[in-house]
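S.K.: I'm passing along start-v5.txt; it holds compact mmCIF, C-alpha atoms.
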# COMPACT_ATOMS: atom_id res chain seq x y z
CA MET A 16 89.73 113.57 103.07
CA PRO A 17 91.41 113.55 99.65
CA PRO A 18 94.99 112.32 99.26
CA LEU A 19 97.61 114.72 100.52
CA CYS A 20 100.47 116.61 98.84
CA ILE A 21 103.12 117.88 101.23
CA PHE A 22 105.43 120.79 100.44
CA ASP A 23 108.44 122.26 102.21
CA ILE A 24 108.85 126.03 102.07
CA ASP A 25 112.56 126.88 102.04
CA GLY A 26 114.15 125.48 98.89
CA VAL A 27 110.84 124.33 97.35
CA LEU A 28 108.37 127.23 97.40
CA LEU A 29 111.04 129.84 98.09
CA ASP A 30 114.62 130.42 97.00
CA VAL A 31 116.47 131.29 100.20
CA THR A 32 119.91 131.82 98.65
CA LEU A 33 120.09 135.54 99.48
CA ARG A 34 118.78 135.05 103.03
CA LEU A 35 121.30 132.26 103.61
CA SER A 36 124.19 134.41 102.43
CA LYS A 37 123.11 137.47 104.45
CA ALA A 38 122.49 135.36 107.58
CA GLN A 39 125.96 133.84 107.36
CA GLU A 40 127.49 137.30 107.00
CA LEU A 41 125.48 138.86 109.84
CA ALA A 42 125.99 135.93 112.20
CA ARG A 43 129.75 136.18 111.67
CA ILE A 44 129.96 139.97 111.95
CA LEU A 45 127.59 140.30 114.92
CA ASN A 46 128.72 137.05 116.57
CA ARG A 47 125.10 135.82 116.63
CA ASP A 48 123.67 132.35 116.31
CA PHE A 49 123.31 131.48 112.62
CA TRP A 50 119.88 129.86 112.91
CA ASP A 51 118.41 132.72 114.92
CA THR A 52 119.73 135.08 112.26
CA PHE A 53 118.54 132.93 109.35
CA PHE A 54 115.03 132.72 110.79
CA SER A 55 114.81 136.40 111.70
CA GLU A 56 111.72 138.18 110.43
CA GLU A 57 113.84 140.95 108.89
CA LEU A 58 115.62 138.61 106.48
CA LEU A 59 112.53 136.79 105.15
CA SER A 60 112.02 139.61 102.63
CA LEU A 61 115.18 138.43 100.83
CA ASP A 62 113.47 135.20 99.69
CA THR A 63 112.14 134.91 96.16
CA PRO A 64 109.46 132.56 94.79
CA ARG A 65 110.38 129.26 93.17
CA ARG A 66 107.90 129.07 90.32
CA VAL A 67 108.13 125.30 89.87
CA GLY A 68 107.27 124.57 93.52
CA ILE A 69 104.38 127.03 93.53
CA GLU A 70 103.05 125.64 90.25
CA LEU A 71 103.20 122.05 91.56
CA LEU A 72 101.33 123.12 94.71
CA ARG A 73 98.64 124.77 92.57
CA ARG A 74 98.37 121.64 90.40
CA CYS A 75 97.73 119.53 93.49
CA LEU A 76 94.94 121.89 94.53
CA ALA A 77 93.49 121.90 91.00
CA ARG A 78 93.41 118.08 91.07
CA GLY A 79 91.31 118.23 94.22
CA LEU A 80 94.11 117.03 96.48
CA ALA A 81 94.67 118.33 99.98
CA VAL A 82 97.86 120.33 100.53
CA ALA A 83 99.91 120.58 103.70
CA ILE A 84 103.07 122.54 104.29
CA ILE A 85 105.76 121.31 106.65
CA THR A 86 108.83 123.31 107.46
CA GLY A 87 111.85 123.41 109.69
CA ARG A 88 111.05 127.06 110.42
CA PRO A 89 110.26 127.76 114.08
CA ARG A 90 106.66 128.49 115.07
CA ARG A 91 107.65 131.94 116.33
CA ILE A 92 107.62 133.14 112.71
CA TYR A 93 104.27 131.55 111.81
CA ARG A 94 102.49 134.83 111.01
CA GLU A 95 105.38 136.14 108.93
CA THR A 96 105.52 132.81 107.08
CA VAL A 97 101.80 132.93 106.24
CA GLU A 98 102.17 136.51 104.98
CA GLN A 99 105.18 135.50 102.92
CA LEU A 100 103.22 132.62 101.34
CA LYS A 101 100.39 135.01 100.48
CA ARG A 102 102.85 137.44 98.86
CA ILE A 103 104.17 134.75 96.54
CA GLY A 104 100.68 133.76 95.45
CA VAL A 105 99.90 130.79 97.69
CA ASP A 106 96.23 131.00 98.66
CA VAL A 107 96.64 129.83 102.26
CA LYS A 108 92.92 129.39 102.82
CA PHE A 109 93.18 126.26 100.65
CA ILE A 110 96.11 124.82 102.61
CA TRP A 111 94.89 122.04 104.92
CA ARG A 112 97.68 122.45 107.51
CA ILE A 113 100.91 124.38 108.00
CA LEU A 114 103.12 122.58 110.51
CA MET A 115 106.32 124.11 111.85
CA ARG A 116 109.16 123.19 114.16
CA ARG A 117 108.56 123.95 117.85
CA ASN A 118 110.46 127.00 119.08
CA ASN A 119 113.84 126.04 120.55
CA ASP A 120 113.73 122.58 118.92
CA LEU A 121 117.35 122.14 117.87
CA ARG A 122 117.04 118.68 116.33
CA PRO A 123 118.14 118.24 112.70
CA SER A 124 115.51 119.34 110.18
CA PRO A 125 115.01 115.86 108.61
CA ILE A 126 114.06 114.44 112.02
CA VAL A 127 111.70 117.33 112.77
CA LYS A 128 110.01 117.15 109.36
CA LEU A 129 109.61 113.36 109.59
CA GLU A 130 107.82 113.88 112.91
CA LEU A 131 105.57 116.49 111.27
CA VAL A 132 104.67 114.10 108.46
CA LYS A 133 103.77 111.43 111.00
CA GLU A 134 101.57 114.02 112.72
CA LEU A 135 99.73 114.65 109.44
CA VAL A 136 99.16 110.92 109.00
CA LYS A 137 97.74 110.71 112.54
CA MET A 138 95.33 113.52 111.58
CA GLY A 139 94.01 111.33 108.79
CA GLY A 140 96.20 112.44 105.91
CA ILE A 141 96.92 109.83 103.25
CA VAL A 142 100.20 110.99 101.74
CA LEU A 143 100.35 110.90 97.94
CA GLU A 144 103.28 113.27 97.26
CA ILE A 145 106.09 114.93 99.21
CA HIS A 146 108.14 117.80 97.76
CA ASP A 147 111.35 118.70 99.58
CA ASP A 148 114.90 119.85 98.90
CA ASP A 149 116.46 117.68 101.62
CA GLU A 150 117.55 114.29 100.36
CA GLU A 151 118.16 112.96 103.88
CA PHE A 152 114.55 113.76 104.84
CA LEU A 153 113.24 112.04 101.70
CA ARG A 154 115.36 108.98 102.49
CA LEU A 155 113.87 108.81 106.00
CA VAL A 156 110.26 109.36 104.91
CA LYS A 157 110.60 106.76 102.13
CA HIS A 158 110.78 104.04 104.79
CA GLU A 159 107.90 105.47 106.84
CA ILE A 160 105.49 106.05 103.95
CA PRO A 161 106.54 103.60 101.22
CA GLY A 162 103.70 104.38 98.79
CA ALA A 163 104.27 108.13 98.59
CA HIS A 164 105.72 109.77 95.48
CA LEU A 165 108.79 111.69 96.62
CA TYR A 166 110.23 114.66 94.72
CA LEU A 167 113.64 116.17 95.36
CA HIS A 168 113.79 119.86 94.48
CA ILE A 169 117.16 121.13 93.28
CA GLY A 170 117.20 124.80 92.41
CA ASP A 171 114.45 125.50 89.90
CA THR A 172 114.00 121.84 88.95
CA TYR A 173 112.87 118.65 90.64
CA VAL A 174 113.34 114.93 90.15
CA ARG A 175 111.47 111.88 91.34
CA TYR A 176 113.32 110.47 94.33
CA ALA A 177 113.66 106.71 94.26
Mind turning the file's structure into structure tokens?
M.R.:
Amino acid sequence: MPPLCIFDIDGVLLDVTLRLSKAQELARILNRDFWDTFFSEELLSLDTPRRVGIELLRRCLARGLAVAIITGRPRRIYRETVEQLKRIGVDVKFIWRILMRRNNDLRPSPIVKLELVKELVKMGGIVLEIHDDDEEFLRLVKHEIPGAHLYLHIGDTYVRYA
């Protein structure tokens, strides 16, 4: 297996600013749980592509690297997530794995995503790069996979995380 590039979805491949705002509003007005609202299928259409994340994913594929996607999204929206990735131009047939949070797993996202990365390593993945917008997650994974190149995505830019 070739070396592996790992990408998060929300904040890296997609800008979720509008969904976040609408979910906060709806959760308050309807007195609903924020996370259930944020991860509702109806609001996913508010997301827009982040060109830099998508371009970096495509570059990994063009270099012959394997690509995996990890996300804090619950598995109950797997199909909608795959369709959303297709709509923004991610050719999912070239994605080695898409790993998502178990339904009803309420642990913090950095802990969940670290577990998912460890799962990829157990499957034989040799992690070359990780792209995420969560600095806490990158801090955790830095100690678990010291040789990986870590990239913190901030808006439409990214920086090497050291």
S.K.: Find the distance between CA of Ala38 in chain A and CA of Trp50 in chain A and write it in Å to one decimal.
M.R.: 8.1 Å
S.K.: Can you pull out the residues contacting range 81-94 of chain A? Cut-off 8 Å, using only C-alpha atoms, and skip same-chain residues under 3 positions away; I want them as a PyMOL selection string.
M.R.: chain A and resi 16-25+54-56+72+75-76+97-98+109-120+124+127-128+131-132
S.K.: Go ahead and compute the interatomic distance for CA of Leu135 in chain A and CA of Glu159 in chain A, in Å to one decimal.
M.R.: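 Computed distance, CA of Leu135 in chain A to CA of Glu159 in chain A, equals 12.6 Å.
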S.K.: Report, in Å to a single decimal, how far apart CA of Ser60 in chain A and CA of Ala42 in chain A are.
M.R.: 17.3 Å
S.K.: Take every atom of range 119-137 of chain A listed in the file, pad by 6 Å on each side, and give me the axis-aligned box centre and edge lengths in Å, one decimal, as AutoDock Vina command-line options.
M.R.:
--center_x 107.9 --center_y 118.4 --center_z 114.5 --size_x 32.4 --size_y 27.3 --size_z 24.1
S.K.: Could you give me, as JSON, numbers by chain, the residues within 12 Å of Ile103 in chain A, counting all atoms listed in the file and dropping anything in the same chain fewer than 3 positions from it?
M.R.: {"A": [24, 28, 29, 30, 60, 62, 63, 64, 65, 66, 68, 69, 70, 96, 97, 98, 99, 100, 106, 107]}
S.K.: Pick the closest to His146 in chain A from A:Glu130, A:Asp51, A:Leu167, A:His158: which is it, counting all atoms listed in the file?
M.R.: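 Counting all atoms listed in the file, the residue closest to His146 in chain A is A:Leu167.
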